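Below is final39.cif, which holds mmCIF, C-alpha atoms.
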```
data_target
loop_
_atom_site.label_atom_id
_atom_site.label_comp_id
_atom_site.auth_asym_id
_atom_site.auth_seq_id
_atom_site.Cartn_x
_atom_site.Cartn_y
_atom_site.Cartn_z
CA MET A 185 -19.93 8.57 -48.13
CA GLN A 186 -20.96 9.98 -44.73
CA VAL A 187 -24.26 9.10 -43.07
CA PRO A 188 -25.83 11.55 -40.57
CA LEU A 189 -27.35 10.10 -37.41
CA VAL A 190 -29.25 11.49 -34.43
CA MET A 191 -28.78 9.76 -31.09
CA THR A 192 -30.53 10.12 -27.78
CA ILE A 193 -28.89 8.91 -24.59
CA ILE A 194 -30.22 8.62 -21.07
CA GLY A 195 -28.92 6.99 -17.95
CA PRO A 196 -27.93 7.51 -14.34
CA ASP A 197 -25.51 10.43 -14.15
CA ARG A 198 -21.90 9.47 -13.64
CA THR A 199 -18.44 10.76 -14.40
CA GLY A 200 -17.24 9.74 -17.86
CA LEU A 201 -20.67 9.11 -19.40
CA VAL A 202 -20.26 11.64 -22.24
CA GLU A 203 -16.66 10.57 -22.78
CA SER A 204 -17.75 6.95 -23.24
CA VAL A 205 -20.18 7.95 -26.01
CA ALA A 206 -17.59 10.26 -27.59
CA GLN A 207 -15.04 7.43 -27.59
CA VAL A 208 -17.42 5.06 -29.40
CA VAL A 209 -18.18 7.73 -32.01
CA ALA A 210 -14.47 8.49 -32.52
CA ASP A 211 -13.52 4.79 -32.64
CA HIS A 212 -15.83 4.39 -35.64
CA GLY A 213 -14.60 7.41 -37.59
CA GLY A 214 -17.55 9.54 -36.55
CA ASN A 215 -17.68 13.29 -36.33
CA TRP A 216 -19.64 14.83 -33.40
CA LEU A 217 -21.56 17.71 -35.02
CA GLU A 218 -23.82 19.10 -32.31
CA SER A 219 -25.45 18.13 -29.05
CA ARG A 220 -27.64 19.23 -26.15
CA MET A 221 -27.08 17.41 -22.87
CA CYS A 222 -27.84 17.94 -19.21
CA ARG A 223 -28.45 16.33 -15.84
CA LEU A 224 -31.95 16.51 -14.40
CA GLY A 225 -32.38 14.96 -11.00
CA GLY A 226 -30.06 11.97 -10.95
CA GLU A 227 -30.46 11.22 -14.65
CA PHE A 228 -28.33 12.43 -17.52
CA ALA A 229 -29.97 12.89 -20.93
CA GLY A 230 -28.79 14.13 -24.23
CA ILE A 231 -29.40 14.32 -27.91
CA LEU A 232 -26.58 14.52 -30.40
CA ARG A 233 -26.03 14.56 -34.13
CA ILE A 234 -23.07 12.82 -35.69
CA GLU A 235 -21.92 11.71 -39.09
CA LEU A 236 -19.75 8.75 -39.92
CA PRO A 237 -18.74 6.61 -42.89
CA VAL A 238 -21.76 4.60 -44.02
CA GLU A 239 -19.78 1.34 -43.87
CA LYS A 240 -19.11 1.89 -40.12
CA ARG A 241 -22.78 2.36 -39.12
CA GLN A 242 -23.47 -1.26 -38.13
CA MET A 243 -20.24 -1.49 -36.12
CA LEU A 244 -21.15 1.74 -34.30
CA LEU A 245 -24.59 0.37 -33.45
CA GLY A 246 -22.99 -2.76 -32.01
CA ALA A 247 -20.58 -0.72 -29.88
CA LEU A 248 -23.43 1.41 -28.58
CA GLN A 249 -25.24 -1.78 -27.51
CA ALA A 250 -22.30 -2.46 -25.18
CA LEU A 251 -22.93 0.90 -23.48
CA GLN A 252 -26.49 -0.21 -22.79
CA GLY A 253 -25.05 -3.03 -20.70
CA ARG A 254 -23.62 -0.31 -18.43
CA GLY A 255 -27.03 1.32 -17.76
CA LEU A 256 -27.09 3.77 -20.66
CA THR A 257 -30.08 3.72 -22.99
CA VAL A 258 -29.15 4.77 -26.53
CA VAL A 259 -31.51 5.28 -29.47
CA VAL A 260 -30.07 5.95 -32.92
CA ARG A 261 -32.05 7.23 -35.88
CA PRO A 262 -31.07 8.36 -39.37
CA ASP A 263 -30.99 12.15 -39.70
CA GLU A 264 -33.32 12.27 -42.69
CA ALA A 265 -33.88 16.01 -42.30
CA ALA A 266 -30.16 16.82 -42.56
CA ALA A 267 -30.39 17.52 -46.28
CA ALA A 268 -33.71 19.36 -46.08
CA ALA A 269 -33.09 23.10 -45.82
CA THR A 270 -35.77 25.18 -44.19
CA HIS A 271 -36.77 28.66 -45.21
CA ASP A 272 -39.14 29.12 -42.30
CA ARG A 273 -38.62 32.03 -39.97
CA GLN A 274 -37.27 31.70 -36.45
CA ALA A 275 -38.52 33.34 -33.26
CA ARG A 276 -37.51 33.36 -29.60
CA LEU A 277 -40.05 33.01 -26.81
CA GLU A 278 -39.26 33.65 -23.14
CA ILE A 279 -41.60 33.10 -20.21
CA VAL A 280 -41.14 34.17 -16.57
CA GLY A 281 -43.72 34.04 -13.80
CA HIS A 282 -44.88 32.38 -10.62
CA ASP A 283 -44.82 28.64 -11.07
CA ARG A 284 -48.12 26.86 -11.50
CA PRO A 285 -49.35 23.75 -13.30
CA GLY A 286 -50.35 24.15 -16.94
CA ILE A 287 -48.03 26.93 -18.16
CA VAL A 288 -46.20 24.78 -20.71
CA ARG A 289 -49.42 23.08 -21.86
CA GLN A 290 -51.27 26.34 -22.52
CA ILE A 291 -48.38 28.01 -24.33
CA THR A 292 -47.57 24.97 -26.48
CA HIS A 293 -51.25 24.49 -27.29
CA ALA A 294 -51.38 28.01 -28.77
CA LEU A 295 -48.18 27.37 -30.72
CA THR A 296 -49.54 24.12 -32.13
CA ARG A 297 -52.77 25.81 -33.24
CA ALA A 298 -50.64 28.34 -35.16
CA ASN A 299 -48.64 25.46 -36.72
CA VAL A 300 -45.47 26.71 -34.98
CA ASN A 301 -42.77 24.10 -34.35
CA VAL A 302 -40.85 24.19 -31.06
CA GLU A 303 -37.25 23.49 -32.10
CA GLU A 304 -35.61 24.00 -28.73
CA PHE A 305 -37.14 24.37 -25.26
CA SER A 306 -35.62 24.71 -21.82
CA SER A 307 -37.25 25.47 -18.50
CA GLU A 308 -36.43 25.66 -14.82
CA CYS A 309 -37.95 26.62 -11.51
CA VAL A 310 -35.90 29.08 -9.45
CA SER A 311 -36.30 31.00 -6.23
CA GLY A 312 -37.56 34.56 -6.79
CA PRO A 313 -34.97 37.22 -5.96
CA MET A 314 -37.15 39.29 -3.63
CA SER A 315 -39.95 37.04 -2.41
CA GLY A 316 -38.27 33.64 -2.46
CA GLU A 317 -41.38 32.26 -4.19
CA THR A 318 -40.85 29.71 -6.94
CA LEU A 319 -40.56 31.28 -10.38
CA PHE A 320 -40.97 29.38 -13.63
CA LYS A 321 -38.59 30.40 -16.41
CA ALA A 322 -38.59 29.03 -19.95
CA ALA A 323 -37.00 29.85 -23.27
CA ALA A 324 -37.83 28.43 -26.68
CA ARG A 325 -36.60 28.73 -30.22
CA LEU A 326 -39.53 28.46 -32.59
CA GLN A 327 -39.90 27.75 -36.27
CA LEU A 328 -42.63 29.97 -37.73
CA PRO A 329 -44.28 28.58 -40.87
CA ASP A 330 -44.77 30.69 -43.98
CA GLY A 331 -47.99 32.63 -43.62
CA CYS A 332 -47.84 32.74 -39.83
CA ASP A 333 -49.51 35.91 -38.56
CA ASP A 334 -46.90 37.05 -36.04
CA ALA A 335 -49.11 39.81 -34.64
CA ALA A 336 -52.03 37.44 -34.04
CA LEU A 337 -49.76 34.85 -32.43
CA LYS A 338 -48.17 37.47 -30.18
CA THR A 339 -51.63 38.74 -29.15
CA GLU A 340 -52.77 35.21 -28.30
CA LEU A 341 -49.59 34.54 -26.28
CA GLU A 342 -50.01 37.83 -24.40
CA LYS A 343 -53.63 36.90 -23.56
CA ILE A 344 -52.48 33.57 -22.16
CA ALA A 345 -49.71 35.36 -20.23
CA ASP A 346 -52.28 37.69 -18.66
CA ASP A 347 -54.46 34.70 -17.68
CA LEU A 348 -51.50 32.85 -16.18
CA LEU A 349 -49.93 35.96 -14.61
CA VAL A 350 -46.60 35.42 -16.38
CA ASP A 351 -44.47 37.67 -18.55
CA ILE A 352 -43.87 36.63 -22.15
CA SER A 353 -41.35 37.98 -24.59
CA PHE A 354 -41.79 37.02 -28.27
CA ALA A 355 -39.44 38.23 -31.00
CA GLU A 356 -38.86 37.09 -34.56
CA LEU A 357 -35.22 36.33 -35.30
CA GLY A 358 -35.52 36.53 -39.09
CA ASN A 359 -34.45 33.91 -41.61
CA GLN A 360 -31.91 31.46 -40.29
#
```
As structure tokens:
Amino acid sequence: MQVPLVMTIIGPDRTGLVESVAQVVADHGGNWLESRMCRLGGEFAGILRIELPVEKRQMLLGALQALQGRGLTVVVRPDEAAAAATHDRQARLEIVGHDRPGIVRQITHALTRANVNVEEFSSECVSGPMSGETLFKAAARLQLPDGCDDAALKTELEKIADDLLVDISFAELGNQ
């Protein structure tokens, strides 16, 4: 029987960091299912989902402890949601505008009030192509609950965008 696990890793960026985690997973009969990883500043962080034989779980946890001795922090949790299928709708949200404090807070506050779950979020600050001013760019994949009024949510997001002087694109992706 296979057990699904979700792991988070963080540590100072270095060559071979991902390979060291992949080796531990492989050494314990694990299958690397999906991951999101990146370097921000001098730190490397990631989240990954694996599955492995249930009898190998404790040995895997012990091997991951050894990686912590090399400066890598690893947290492992059971993937209890793996079996739970969702019928909620998906949407994509994109934001672009001059950088300023509070953009993420205001947008996520509106999403929370609408009971929308942020499943994936990425953001960056880049130099504007013409002015050289700092632009904030973000993209999110959202889970829309049944009964979510898409039109009302889009109107609220557009109002916030006008207040913040940013452009927002919101589009439902359909059932996933």
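Closest approach to Gln249 in chain A from the set A:Val208, A:Leu348, A:Ala323, A:Leu277 is made by A:Val208, with distances taken over all atoms listed in the file.
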Next item on the list: Give me the residues within 10 Å of Glu239 in chain A as a PyMOL selection string, counting only C-alpha atoms and dropping any in the same chain fewer than 2 places off.
Entry: chain A and resi 185-187+212+236-237+241-244
Those same residues - C-alpha atoms - I'd like them written as an mmCIF file, keeping the file's coordinate frame.
```
data_model
loop_
_atom_site.group_PDB
_atom_site.id
_atom_site.type_symbol
_atom_site.label_atom_id
_atom_site.label_comp_id
_atom_site.auth_asym_id
_atom_site.auth_seq_id
_atom_site.Cartn_x
_atom_site.Cartn_y
_atom_site.Cartn_z
ATOM 1 C CA MET A 185 -19.930 8.570 -48.130
ATOM 2 C CA GLN A 186 -20.960 9.980 -44.730
ATOM 3 C CA VAL A 187 -24.260 9.100 -43.070
ATOM 4 C CA HIS A 212 -15.830 4.390 -35.640
ATOM 5 C CA LEU A 236 -19.750 8.750 -39.920
ATOM 6 C CA PRO A 237 -18.740 6.610 -42.890
ATOM 7 C CA ARG A 241 -22.780 2.360 -39.120
ATOM 8 C CA GLN A 242 -23.470 -1.260 -38.130
ATOM 9 C CA MET A 243 -20.240 -1.490 -36.120
ATOM 10 C CA LEU A 244 -21.150 1.740 -34.300
#
```
Next item on the list: Could you expand the PyMOL selection byres ((chain A and resi 206) around 12) into the explicit residues it covers here, written as number ranges by chain?
Entry: A: 191, 193, 200-205, 207-219, 232-234, 244, 247-248, 251
Margin query: Evaluate the PyMOL selection byres ((chain A and resi 295-310) around 9) against this structure - the residues, as a list in words, please.
Written below: Ile279, Asp283, Gln290, Ile291, Thr292, His293, Ala294, Ser311, Gly312, Pro313, Gly316, Glu317, Thr318, Leu319, Phe320, Lys321, Ala322, Ala323, Ala324, Arg325, Leu326, Gln327, Leu328, Pro329, Cys332, Asp333, Leu337 and Leu341 of chain A
Check: Which polymer residues have any atom within 8 Å of an atom of Phe228 in chain A, counting only C-alpha atoms, with same-chain residues fewer than 5 positions away left out, as a list in words?
Finding: Ile193, Ile194, Gly195, Pro196, Asp197, Met221, Cys222 and Arg223 of chain A
Hey, can you spit out that residue selection with C-alpha atoms as a compact mmCIF listing (two decimals), in the coordinates of the input?
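Output saved as result26.txt:
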```
# COMPACT_ATOMS: atom_id res chain seq x y z
CA ILE A 193 -28.89 8.91 -24.59
CA ILE A 194 -30.22 8.62 -21.07
CA GLY A 195 -28.92 6.99 -17.95
CA PRO A 196 -27.93 7.51 -14.34
CA ASP A 197 -25.51 10.43 -14.15
CA MET A 221 -27.08 17.41 -22.87
CA CYS A 222 -27.84 17.94 -19.21
CA ARG A 223 -28.45 16.33 -15.84
```
Checklist line | Explicit residue set for the PyMOL selection byres ((chain A and resi 190) around 9), as a ChimeraX atom specification | finding: /A:188-189,191-192,231-235,259-263
Let me have the centre and edge lengths of the axis-aligned box enclosing all listed atoms of range 331-346 of chain A with 5 Å padding on every side, in Å to one decimal, as JSON.
```
{"center_x": -50.3, "center_y": 36.2, "center_z": -31.1, "size_x": 16.7, "size_y": 17.2, "size_z": 35.0}
```
Next item on the list: Enter the distance from CA of Leu224 in chain A to CA of Ala275 in chain A, in Å, rounded to one decimal.
Entry: 26.1 Å
Margin query: When you count only C-alpha atoms, which of these residues is closest to Asp334 in chain A: A:Asp346, A:Gln274, A:Ile287, A:Ser315?
Written below: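 Distance minimum relative to Asp334 in chain A lands on A:Gln274.
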Check: Between A:Gly281, A:Gly246, A:Gly331, A:Gly226, which is the closest to Ile352 in chain A once you count all atoms listed in the file?
Finding: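 The closest residue to Ile352 in chain A is A:Gly281.
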Next item on the list: State, in Å with one decimal place, the distance from CA of Arg289 in chain A to CA of Ala229 in chain A.
Entry: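 Calculated distance between CA of Arg289 in chain A and CA of Ala229 in chain A is 22.0 Å.
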Margin query: Between CA of Phe354 in chain A and CA of Asp330 in chain A, what distance in Å does the model show, to one decimal?
Written below: 17.2 Å
Notebook entry, point to check: Near Ser353 in chain A, within 9 Å and counting only C-alpha atoms, which residues show up once chain neighbours fewer than 6 positions away are dropped, as an MDAnalysis selection string?
Noted result: chainID A and resid 276:280 338 342
